[in-house]
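Dropping structure_27.txt in here (compact mmCIF, C-alpha atoms):
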```txt
# COMPACT_ATOMS: atom_id res chain seq x y z
CA MET P 1 -12.82 19.96 -12.34
CA SER P 2 -10.42 17.29 -11.34
CA GLU P 3 -7.49 19.19 -12.89
CA PHE P 4 -8.56 22.40 -11.16
CA SER P 5 -8.86 20.70 -7.80
CA GLN P 6 -5.45 19.13 -8.20
CA SER P 7 -3.75 22.43 -9.03
CA ARG P 8 -5.40 24.44 -6.22
CA PRO P 9 -2.86 25.26 -3.47
CA THR P 10 -3.59 23.71 -0.14
CA THR P 11 -3.35 25.62 3.18
CA PRO P 12 -0.65 24.16 5.42
CA ILE P 13 -1.83 22.83 8.76
CA VAL P 14 -0.09 24.58 11.66
CA ARG P 15 0.12 22.54 14.78
CA ARG P 16 0.27 24.58 18.00
CA SER P 17 2.81 23.63 20.61
CA HIS P 18 1.29 22.46 23.85
CA GLY P 19 3.97 24.24 25.86
CA LEU P 20 5.06 23.21 29.31
CA PHE P 21 3.23 20.25 30.92
CA GLY P 22 0.87 20.10 27.93
CA ILE P 23 -0.47 23.66 28.52
CA ASP P 24 -0.56 26.16 25.70
CA LEU P 25 0.86 29.21 27.49
CA ALA P 26 0.27 31.39 24.40
CA SER P 27 -3.46 30.95 24.70
CA PRO P 28 -5.36 33.82 26.38
CA ARG P 29 -7.14 31.23 28.49
CA HIS P 30 -3.83 30.28 30.14
CA ALA P 31 -2.25 33.74 30.33
CA ASN P 32 -2.48 33.80 34.15
CA LYS P 33 -0.65 30.48 34.37
CA LEU P 34 2.34 32.02 32.61
CA GLY P 35 2.45 34.80 35.21
CA TYR P 36 2.32 32.31 38.08
CA LEU P 37 5.04 30.27 36.41
CA LEU P 38 7.34 33.28 36.13
CA LEU P 39 6.70 34.25 39.76
CA ALA P 40 7.30 30.74 41.07
CA PRO P 41 11.14 31.02 41.46
CA ALA P 42 10.85 34.26 43.45
CA ALA P 43 8.06 32.81 45.59
CA LEU P 44 10.11 29.70 46.33
CA LEU P 45 13.11 31.85 47.24
CA ILE P 46 11.02 33.92 49.64
CA LEU P 47 9.68 30.75 51.23
CA ALA P 48 13.22 29.43 51.65
CA ILE P 49 14.89 32.52 53.14
CA LEU P 50 11.99 34.24 54.93
CA VAL P 51 8.95 32.11 55.67
CA TYR P 52 10.72 28.89 56.65
CA PRO P 53 13.18 30.54 59.11
CA MET P 54 10.27 32.50 60.60
CA LEU P 55 8.24 29.34 61.16
CA LEU P 56 11.34 27.64 62.54
CA ALA P 57 11.88 30.49 65.03
CA ILE P 58 8.23 30.32 66.14
CA ASP P 59 8.56 26.58 66.68
CA LEU P 60 11.85 27.07 68.52
CA SER P 61 10.26 29.57 70.90
CA PHE P 62 8.03 26.80 72.30
CA HIS P 63 11.01 24.63 73.28
CA ASP P 64 13.51 25.03 76.09
CA VAL P 65 16.57 24.86 73.85
CA LYS P 66 20.10 25.98 74.63
CA PHE P 67 21.62 25.17 71.25
CA ALA P 68 19.53 24.82 68.09
CA THR P 69 20.30 21.44 66.52
CA LEU P 70 18.49 19.26 64.00
CA SER P 71 16.78 17.40 66.87
CA PHE P 72 15.69 20.42 68.90
CA GLY P 73 11.98 19.62 68.42
CA ALA P 74 12.21 16.22 70.10
CA ASP P 75 11.04 17.49 73.50
CA ASP P 76 7.49 18.55 74.32
CA TYR P 77 6.10 21.98 73.57
CA THR P 78 6.09 24.37 76.50
CA LEU P 79 5.18 27.96 77.36
CA LYS P 80 8.12 28.24 79.72
CA ASN P 81 9.96 30.77 77.56
CA TYR P 82 6.98 33.11 77.31
CA GLN P 83 6.19 32.81 81.01
CA ARG P 84 9.74 33.73 81.86
CA LEU P 85 9.76 36.50 79.27
CA PHE P 86 6.65 38.33 80.49
CA SER P 87 7.83 38.10 84.10
CA SER P 88 11.31 39.42 83.30
CA PRO P 89 12.16 43.04 84.29
CA GLU P 90 14.82 43.08 81.56
CA PHE P 91 12.19 42.40 78.91
CA TRP P 92 9.91 45.23 80.04
CA ASN P 93 12.93 47.54 80.24
CA ALA P 94 13.79 46.60 76.66
CA ILE P 95 10.17 47.28 75.63
CA ARG P 96 10.27 50.69 77.28
CA THR P 97 13.65 51.58 75.74
CA THR P 98 12.54 50.43 72.29
CA CYS P 99 9.30 52.44 72.46
CA MET P 100 11.11 55.57 73.66
CA LEU P 101 13.71 55.23 70.93
CA LEU P 102 10.97 54.62 68.39
CA LEU P 103 9.02 57.74 69.35
CA VAL P 104 12.03 60.03 69.61
CA VAL P 105 13.93 58.85 66.53
CA THR P 106 10.84 58.63 64.32
CA SER P 107 9.45 62.04 65.28
CA ILE P 108 12.76 63.88 64.98
CA SER P 109 13.70 62.09 61.74
CA LEU P 110 10.28 62.87 60.27
CA CYS P 111 10.55 66.57 61.13
CA VAL P 112 14.12 66.87 59.84
CA GLY P 113 13.36 64.79 56.74
CA MET P 114 10.25 66.82 55.94
CA GLY P 115 12.15 70.08 56.34
CA THR P 116 15.06 69.03 54.15
CA ALA P 117 12.72 67.59 51.50
CA LEU P 118 10.76 70.86 51.34
CA LEU P 119 14.04 72.77 51.12
CA VAL P 120 15.61 70.82 48.26
CA ASN P 121 12.28 70.75 46.41
CA GLN P 122 12.63 74.50 45.80
CA GLN P 123 14.38 75.99 42.78
CA PHE P 124 17.85 77.30 43.69
CA ARG P 125 21.42 77.11 42.45
CA GLY P 126 23.20 73.93 43.54
CA ARG P 127 20.01 71.98 44.26
CA SER P 128 21.43 68.74 42.82
CA PHE P 129 24.51 69.01 45.04
CA ALA P 130 22.33 69.67 48.09
CA ARG P 131 20.25 66.58 47.32
CA MET P 132 23.43 64.52 47.07
CA LEU P 133 24.63 65.78 50.48
CA ILE P 134 21.30 64.89 52.07
CA ALA P 135 21.50 61.31 50.78
CA LEU P 136 25.14 60.88 51.81
CA PRO P 137 24.56 59.62 55.40
CA TRP P 138 22.18 56.95 54.13
CA ALA P 139 24.75 55.77 51.56
CA VAL P 140 27.58 55.37 54.09
CA PRO P 141 27.82 51.78 55.43
CA GLU P 142 26.28 51.64 58.89
CA VAL P 143 29.23 50.15 60.76
CA VAL P 144 31.68 52.60 59.17
CA ALA P 145 29.42 55.53 60.11
CA VAL P 146 29.00 54.32 63.70
CA VAL P 147 32.73 53.81 64.21
CA THR P 148 33.25 57.37 63.00
CA TRP P 149 30.63 58.59 65.48
CA VAL P 150 32.40 56.71 68.28
CA TRP P 151 35.47 58.82 67.58
CA ILE P 152 33.39 62.03 67.31
CA LEU P 153 31.72 61.36 70.68
CA ASP P 154 34.88 60.29 72.49
CA ALA P 155 35.17 61.99 75.89
CA SER P 156 38.91 62.72 75.65
CA PHE P 157 39.61 63.77 72.05
CA GLY P 158 36.19 63.78 70.38
CA VAL P 159 35.34 66.51 67.91
CA LEU P 160 31.90 67.14 69.41
CA ASN P 161 33.23 67.91 72.90
CA TRP P 162 35.90 70.19 71.41
CA LEU P 163 33.27 72.07 69.39
CA LEU P 164 30.90 72.46 72.35
CA LEU P 165 33.76 73.71 74.52
CA LYS P 166 34.76 76.28 71.89
CA VAL P 167 31.19 77.54 71.61
CA GLY P 168 30.82 77.61 75.39
CA LEU P 169 27.82 75.30 75.68
CA ILE P 170 29.61 72.97 78.11
CA GLY P 171 32.15 73.67 80.84
CA GLY P 172 34.02 70.36 80.70
CA GLN P 173 34.40 67.11 78.87
CA VAL P 174 31.16 65.12 78.52
CA SER P 175 31.37 61.34 78.71
CA TRP P 176 28.60 60.44 76.30
CA PHE P 177 28.54 56.72 77.06
CA SER P 178 28.93 56.68 80.87
CA SER P 179 25.46 57.80 82.02
CA PRO P 180 22.04 56.49 80.89
CA GLY P 181 20.74 59.88 79.72
CA SER P 182 23.78 60.84 77.67
CA ALA P 183 24.09 57.35 76.18
CA PHE P 184 20.44 57.42 75.07
CA SER P 185 20.97 60.88 73.58
CA ALA P 186 24.05 59.71 71.70
CA VAL P 187 22.21 56.72 70.24
CA THR P 188 19.27 58.94 69.26
CA MET P 189 21.59 61.45 67.60
CA VAL P 190 23.34 58.84 65.49
CA MET P 191 20.11 57.06 64.50
CA VAL P 192 18.49 60.34 63.44
CA TRP P 193 21.58 61.28 61.42
CA LYS P 194 21.54 57.87 59.74
CA GLY P 195 17.78 57.62 59.19
CA TYR P 196 16.50 61.04 58.15
CA PRO P 197 17.99 60.94 54.58
CA PHE P 198 15.74 58.01 53.69
CA ILE P 199 12.68 59.96 54.87
CA SER P 200 13.84 63.02 52.90
CA ILE P 201 14.19 61.02 49.69
CA MET P 202 10.77 59.42 50.09
CA ILE P 203 9.03 62.71 50.87
CA LEU P 204 10.86 64.47 48.04
CA ALA P 205 9.55 61.87 45.60
CA GLY P 206 6.05 62.43 46.96
CA LEU P 207 6.34 66.22 46.69
CA GLN P 208 7.30 66.01 43.03
CA SER P 209 4.17 63.97 42.29
CA ILE P 210 1.77 66.64 43.65
CA PRO P 211 0.23 68.64 40.76
CA GLU P 212 1.28 72.28 40.72
CA GLU P 213 -2.30 73.27 39.89
CA PHE P 214 -3.31 72.51 43.48
CA TYR P 215 -0.94 75.18 44.82
CA GLN P 216 -1.86 77.68 42.14
CA ALA P 217 -5.56 77.32 42.91
CA ALA P 218 -4.85 77.70 46.64
CA LYS P 219 -2.86 80.89 46.01
CA VAL P 220 -5.75 82.31 44.02
CA ASP P 221 -8.07 81.53 46.95
CA GLY P 222 -5.73 83.43 49.28
CA ALA P 223 -4.15 80.50 51.16
CA ASN P 224 -0.83 81.28 52.82
CA VAL P 225 2.21 79.00 53.06
CA PHE P 226 1.09 77.16 56.19
CA GLN P 227 -2.42 76.63 54.89
CA ARG P 228 -1.10 75.20 51.63
CA PHE P 229 1.18 72.90 53.60
CA PHE P 230 -1.49 71.52 55.95
CA TRP P 231 -4.35 71.38 53.43
CA ILE P 232 -2.53 70.28 50.27
CA THR P 233 0.96 68.92 50.98
CA VAL P 234 0.24 66.75 54.01
CA PRO P 235 -2.98 65.14 52.66
CA CYS P 236 -1.39 64.40 49.29
CA LEU P 237 1.65 62.89 51.01
CA ALA P 238 -0.45 60.58 53.22
CA PRO P 239 0.36 57.34 51.31
CA VAL P 240 4.05 58.23 51.07
CA LEU P 241 4.20 59.15 54.75
CA GLY P 242 2.48 55.88 55.64
CA VAL P 243 5.00 53.73 53.79
CA THR P 244 7.88 55.83 55.12
CA LEU P 245 6.69 55.55 58.71
CA VAL P 246 6.26 51.79 58.41
CA LEU P 247 9.78 51.32 57.03
CA THR P 248 11.25 53.68 59.65
CA VAL P 249 9.48 51.87 62.49
CA LEU P 250 10.74 48.51 61.25
CA TRP P 251 14.26 49.92 60.91
CA VAL P 252 14.28 51.28 64.48
CA PHE P 253 12.94 47.99 65.83
CA ARG P 254 15.46 45.81 64.06
CA ASP P 255 18.52 48.08 64.14
CA PHE P 256 21.36 46.41 65.95
CA SER P 257 24.72 47.68 64.75
CA ILE P 258 24.32 51.33 65.79
CA ILE P 259 23.39 50.54 69.38
CA TYR P 260 25.76 47.61 69.77
CA VAL P 261 28.82 49.47 68.46
CA LEU P 262 28.06 52.66 70.40
CA THR P 263 26.97 51.37 73.81
CA GLY P 264 26.46 47.61 73.65
CA GLY P 265 23.07 48.15 75.27
CA GLY P 266 24.46 49.92 78.33
CA PRO P 267 25.01 51.53 80.66
CA VAL P 268 22.77 49.51 83.03
CA GLY P 269 20.42 48.64 80.16
CA ALA P 270 19.66 52.26 79.22
CA THR P 271 19.99 51.51 75.50
CA GLU P 272 19.11 47.81 75.50
CA THR P 273 16.40 47.34 72.89
CA LEU P 274 14.59 44.16 71.89
CA ALA P 275 17.14 43.55 69.12
CA ILE P 276 20.07 43.84 71.56
CA MET P 277 18.32 41.61 74.10
CA THR P 278 17.61 38.97 71.44
CA TYR P 279 21.26 38.92 70.41
CA GLU P 280 22.52 38.72 73.99
CA GLU P 281 20.21 35.86 74.92
CA ALA P 282 21.00 33.90 71.76
CA PHE P 283 24.75 34.39 71.31
CA SER P 284 26.02 35.46 74.74
CA PHE P 285 23.95 33.21 77.02
CA PHE P 286 23.05 30.60 74.34
CA ARG P 287 19.37 30.44 75.24
CA MET P 288 18.05 29.96 71.73
CA GLY P 289 14.47 29.14 72.69
CA TYR P 290 14.20 32.14 74.97
CA ALA P 291 15.75 34.42 72.33
CA SER P 292 13.27 33.10 69.75
CA SER P 293 10.36 34.03 72.01
CA ILE P 294 11.70 37.60 72.16
CA GLY P 295 11.91 37.62 68.38
CA VAL P 296 8.33 36.36 68.04
CA VAL P 297 7.02 39.08 70.38
CA THR P 298 9.01 41.69 68.42
CA LEU P 299 7.48 40.40 65.18
CA LEU P 300 3.96 40.68 66.59
CA ILE P 301 4.56 44.24 67.82
CA CYS P 302 5.96 45.29 64.44
CA ALA P 303 3.03 43.67 62.62
CA VAL P 304 0.45 45.47 64.78
CA ILE P 305 2.13 48.88 64.43
CA SER P 306 2.63 48.43 60.67
CA ALA P 307 -0.99 47.40 60.13
CA PHE P 308 -2.20 50.41 62.10
CA LEU P 309 -0.02 52.86 60.15
CA VAL P 310 -0.96 51.37 56.78
CA LYS P 311 -4.66 51.53 57.63
CA LYS P 312 -4.49 55.16 58.74
CA THR P 313 -2.33 56.48 55.88
CA SER P 314 -2.99 54.19 52.92
CA HIS P 315 -5.14 56.65 50.91
CA ALA P 316 -4.60 60.25 49.90
CA ILE P 317 -7.46 62.68 50.53
CA TYR P 318 -7.29 64.19 47.05
```

This entry written out as structure tokens:
Amino acid sequence: MSEFSQSRPTTPIVRRSHGLFGIDLASPRHANKLGYLLLAPAALLILAILVYPMLLAIDLSFHDVKFATLSFGADDYTLKNYQRLFSSPEFWNAIRTTCMLLLVVTSISLCVGMGTALLVNQQFRGRSFARMLIALPWAVPEVVAVVTWVWILDASFGVLNWLLLKVGLIGGQVSWFSSPGSAFSAVTMVMVWKGYPFISIMILAGLQSIPEEFYQAAKVDGANVFQRFFWITVPCLAPVLGVTLVLTVLWVFRDFSIIYVLTGGGPVGATETLAIMTYEEAFSFFRMGYASSIGVVTLLICAVISAFLVKKTSHAIY
């Protein structure tokens, strides 16, 4: 017995590593901790570049500060900036201009984007090339595209005026940036041209995810094209449309370069949005506290609109 016990092989003892901070991350009991650990660098980066500046801007809005320095919070908190803001005609004009631009640009971009997405979703020769052309305006850098549009809309040698004169739609040169109505139309035109490709791509992705059996069953039941669109396409696209509308609304609210390069917010404030007003107050008049209050109000408006759109369009019917 003693010889047998001495010759029997012994099982080696495997010691498990305790991992980071004495925690065995390979254990199923600590699997969630590994996920949190991997997400920690991204979360810290978001806190550093998004959350902290946002909190700093909110704090700055409650101080009467001309230049933001490291000691800007030494004075007492005050509501002076918000009192001045809500009693300012320029602020309410910027609100009105932003809302008008939001409604016009979003509605037109949605209609054009839906139409182009439905078109390139069909089977035809050259469909890939057509999809590339649709996405081209979105791929062009914004400043480069706007500078090109400034030349196109020029009153003296612009291509658009020349084309309209050749067709006979106008009788003389149109100065697109001299009157409030024409300046607003020019800004709307450029923003729709720049924004509708994104909506087309999003809707096209949603269209390709709708099962073909839905349309085949509707055809068997005798539904025509419009009935299939309103009872199958639109309900199934509800989540995609919701996300697209939220991103488009945020883009219109925050867009600065298109308006600033085209009109600079003029003439007489006809195209001055909240983004333009925030920039002017901060970097032209150096009223950092007042500009921060405009930014905080803009953030609240965007949050309310986004929450409403997400709530209304977050679930598909089918």

Using only C-alpha atoms, which residues of stretch 181-277 of chain P come within 7 Å of stretch 102-107 of chain P, and what is the closest atom pair for each, with the distance in Å to one decimal? Give it as a tab-separated table, sorted by chain and residue number.
```
residue	atom	partner	partner_atom	distance
P:Thr188	CA	P:Val105	CA	6.0
P:Met191	CA	P:Val105	CA	6.7
P:Val192	CA	P:Val105	CA	5.7
P:Thr248	CA	P:Thr106	CA	6.8
P:Val249	CA	P:Leu102	CA	6.7
P:Val252	CA	P:Leu102	CA	6.1
```

Go ahead and write the residues just picked, C-alpha atoms, as a compact mmCIF listing (two decimals), keeping the file's coordinate frame.
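Wrote it out as again_6.txt, contents follow:
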```txt
# COMPACT_ATOMS: atom_id res chain seq x y z
CA THR P 188 19.27 58.94 69.26
CA MET P 191 20.11 57.06 64.50
CA VAL P 192 18.49 60.34 63.44
CA THR P 248 11.25 53.68 59.65
CA VAL P 249 9.48 51.87 62.49
CA VAL P 252 14.28 51.28 64.48
```

Output, as JSON, the centre and edge lengths in Å (one decimal) of the axis-aligned box that contains all listed atoms of stretch 84-95 of chain P with 5 Å of margin on each side.
```
{"center_x": 10.7, "center_y": 40.6, "center_z": 80.0, "size_x": 18.2, "size_y": 23.8, "size_z": 18.7}
```

Query raised in the report: Which residues come within 10 Å of stretch 49-64 of chain P, counting only C-alpha atoms, excluding same-chain residues fewer than 2 positions away, as a VMD selection string?
Result: chain P and resid 44 to 47 66 to 68 72 to 82 287 to 297 299

Requested in this report: In the coordinates of the file, take the point (32.4, 62.1, 70.5) and a cut-off of 12 Å; then, counting all atoms listed in the file, name each qualifying protein, DNA or RNA residue as a PyMOL selection string.
Outcome: chain P and resi 146-164+173-177+182-183+185-187+189-190+262

Query - Close residues, stretch 109-114 of chain P itself excluded, 8 Å, only C-alpha atoms, min 2 positions apart in chain, as a PyMOL selection string - result: chain P and resi 105-107+116-118+192-193+195-200+203

Generate a file of the selected residues that holds C-alpha atoms, formatted as a PDB file, keeping the file's coordinate frame.
```pdb
ATOM      1  CA  VAL P 105      13.930  58.850  66.530  1.00  0.00           C
ATOM      2  CA  THR P 106      10.840  58.630  64.320  1.00  0.00           C
ATOM      3  CA  SER P 107       9.450  62.040  65.280  1.00  0.00           C
ATOM      4  CA  THR P 116      15.060  69.030  54.150  1.00  0.00           C
ATOM      5  CA  ALA P 117      12.720  67.590  51.500  1.00  0.00           C
ATOM      6  CA  LEU P 118      10.760  70.860  51.340  1.00  0.00           C
ATOM      7  CA  VAL P 192      18.490  60.340  63.440  1.00  0.00           C
ATOM      8  CA  TRP P 193      21.580  61.280  61.420  1.00  0.00           C
ATOM      9  CA  GLY P 195      17.780  57.620  59.190  1.00  0.00           C
ATOM     10  CA  TYR P 196      16.500  61.040  58.150  1.00  0.00           C
ATOM     11  CA  PRO P 197      17.990  60.940  54.580  1.00  0.00           C
ATOM     12  CA  PHE P 198      15.740  58.010  53.690  1.00  0.00           C
ATOM     13  CA  ILE P 199      12.680  59.960  54.870  1.00  0.00           C
ATOM     14  CA  SER P 200      13.840  63.020  52.900  1.00  0.00           C
ATOM     15  CA  ILE P 203       9.030  62.710  50.870  1.00  0.00           C
TER      16      ILE P 203
END
```

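One distance worth recording is that between atom CA of P:Lys194 and atom CA of P:Val140, which is 8.6 Å.
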
Report summary line: note - atom CA of P:Thr263 and atom CA of P:Cys302 are separated by 23.8 Å

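Note that the spacing between atom CA of P:Tyr260 and atom CA of P:Ile276 amounts to 7.1 Å.
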
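Residue nearest P:Ser306, chosen from P:Gly269, P:Pro211, P:Gly242, P:Gly35 and counting all atoms listed in the file: P:Gly242.
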
Could you add the missing atoms to stretch 106-118 of chain P, up to N, CA, C and O atoms, and return them as an mmCIF file, in the frame of the given file?
```
data_model
loop_
_atom_site.group_PDB
_atom_site.id
_atom_site.type_symbol
_atom_site.label_atom_id
_atom_site.label_comp_id
_atom_site.auth_asym_id
_atom_site.auth_seq_id
_atom_site.Cartn_x
_atom_site.Cartn_y
_atom_site.Cartn_z
ATOM 1 N N THR P 106 11.793 58.474 65.416
ATOM 2 C CA THR P 106 10.840 58.630 64.320
ATOM 3 C C THR P 106 10.339 60.055 64.206
ATOM 4 O O THR P 106 10.259 60.615 63.100
ATOM 5 N N SER P 107 9.987 60.674 65.333
ATOM 6 C CA SER P 107 9.450 62.040 65.280
ATOM 7 C C SER P 107 10.504 63.042 64.822
ATOM 8 O O SER P 107 10.232 63.891 63.963
ATOM 9 N N ILE P 108 11.713 62.941 65.378
ATOM 10 C CA ILE P 108 12.760 63.880 64.980
ATOM 11 C C ILE P 108 13.168 63.652 63.521
ATOM 12 O O ILE P 108 13.340 64.609 62.745
ATOM 13 N N SER P 109 13.318 62.388 63.125
ATOM 14 C CA SER P 109 13.700 62.090 61.740
ATOM 15 C C SER P 109 12.629 62.565 60.769
ATOM 16 O O SER P 109 12.946 63.070 59.676
ATOM 17 N N LEU P 110 11.353 62.422 61.151
ATOM 18 C CA LEU P 110 10.280 62.870 60.270
ATOM 19 C C LEU P 110 10.295 64.383 60.116
ATOM 20 O O LEU P 110 10.130 64.903 58.998
ATOM 21 N N CYS P 111 10.503 65.102 61.208
ATOM 22 C CA CYS P 111 10.550 66.570 61.130
ATOM 23 C C CYS P 111 11.749 67.040 60.301
ATOM 24 O O CYS P 111 11.612 67.901 59.421
ATOM 25 N N VAL P 112 12.927 66.471 60.581
ATOM 26 C CA VAL P 112 14.120 66.870 59.840
ATOM 27 C C VAL P 112 14.009 66.453 58.367
ATOM 28 O O VAL P 112 14.355 67.221 57.462
ATOM 29 N N GLY P 113 13.509 65.245 58.122
ATOM 30 C CA GLY P 113 13.360 64.790 56.740
ATOM 31 C C GLY P 113 12.357 65.611 55.961
ATOM 32 O O GLY P 113 12.578 65.929 54.786
ATOM 33 N N MET P 114 11.238 65.978 56.610
ATOM 34 C CA MET P 114 10.250 66.820 55.940
ATOM 35 C C MET P 114 10.834 68.197 55.616
ATOM 36 O O MET P 114 10.642 68.732 54.514
ATOM 37 N N GLY P 115 11.557 68.761 56.569
ATOM 38 C CA GLY P 115 12.150 70.080 56.340
ATOM 39 C C GLY P 115 13.167 70.077 55.213
ATOM 40 O O GLY P 115 13.150 70.956 54.341
ATOM 41 N N THR P 116 14.048 69.091 55.204
ATOM 42 C CA THR P 116 15.060 69.030 54.150
ATOM 43 C C THR P 116 14.430 68.728 52.783
ATOM 44 O O THR P 116 14.882 69.247 51.758
ATOM 45 N N ALA P 117 13.396 67.889 52.773
ATOM 46 C CA ALA P 117 12.720 67.590 51.500
ATOM 47 C C ALA P 117 12.050 68.830 50.932
ATOM 48 O O ALA P 117 12.116 69.103 49.725
ATOM 49 N N LEU P 118 11.375 69.617 51.804
ATOM 50 C CA LEU P 118 10.760 70.860 51.340
ATOM 51 C C LEU P 118 11.806 71.850 50.860
ATOM 52 O O LEU P 118 11.573 72.601 49.900
#
```
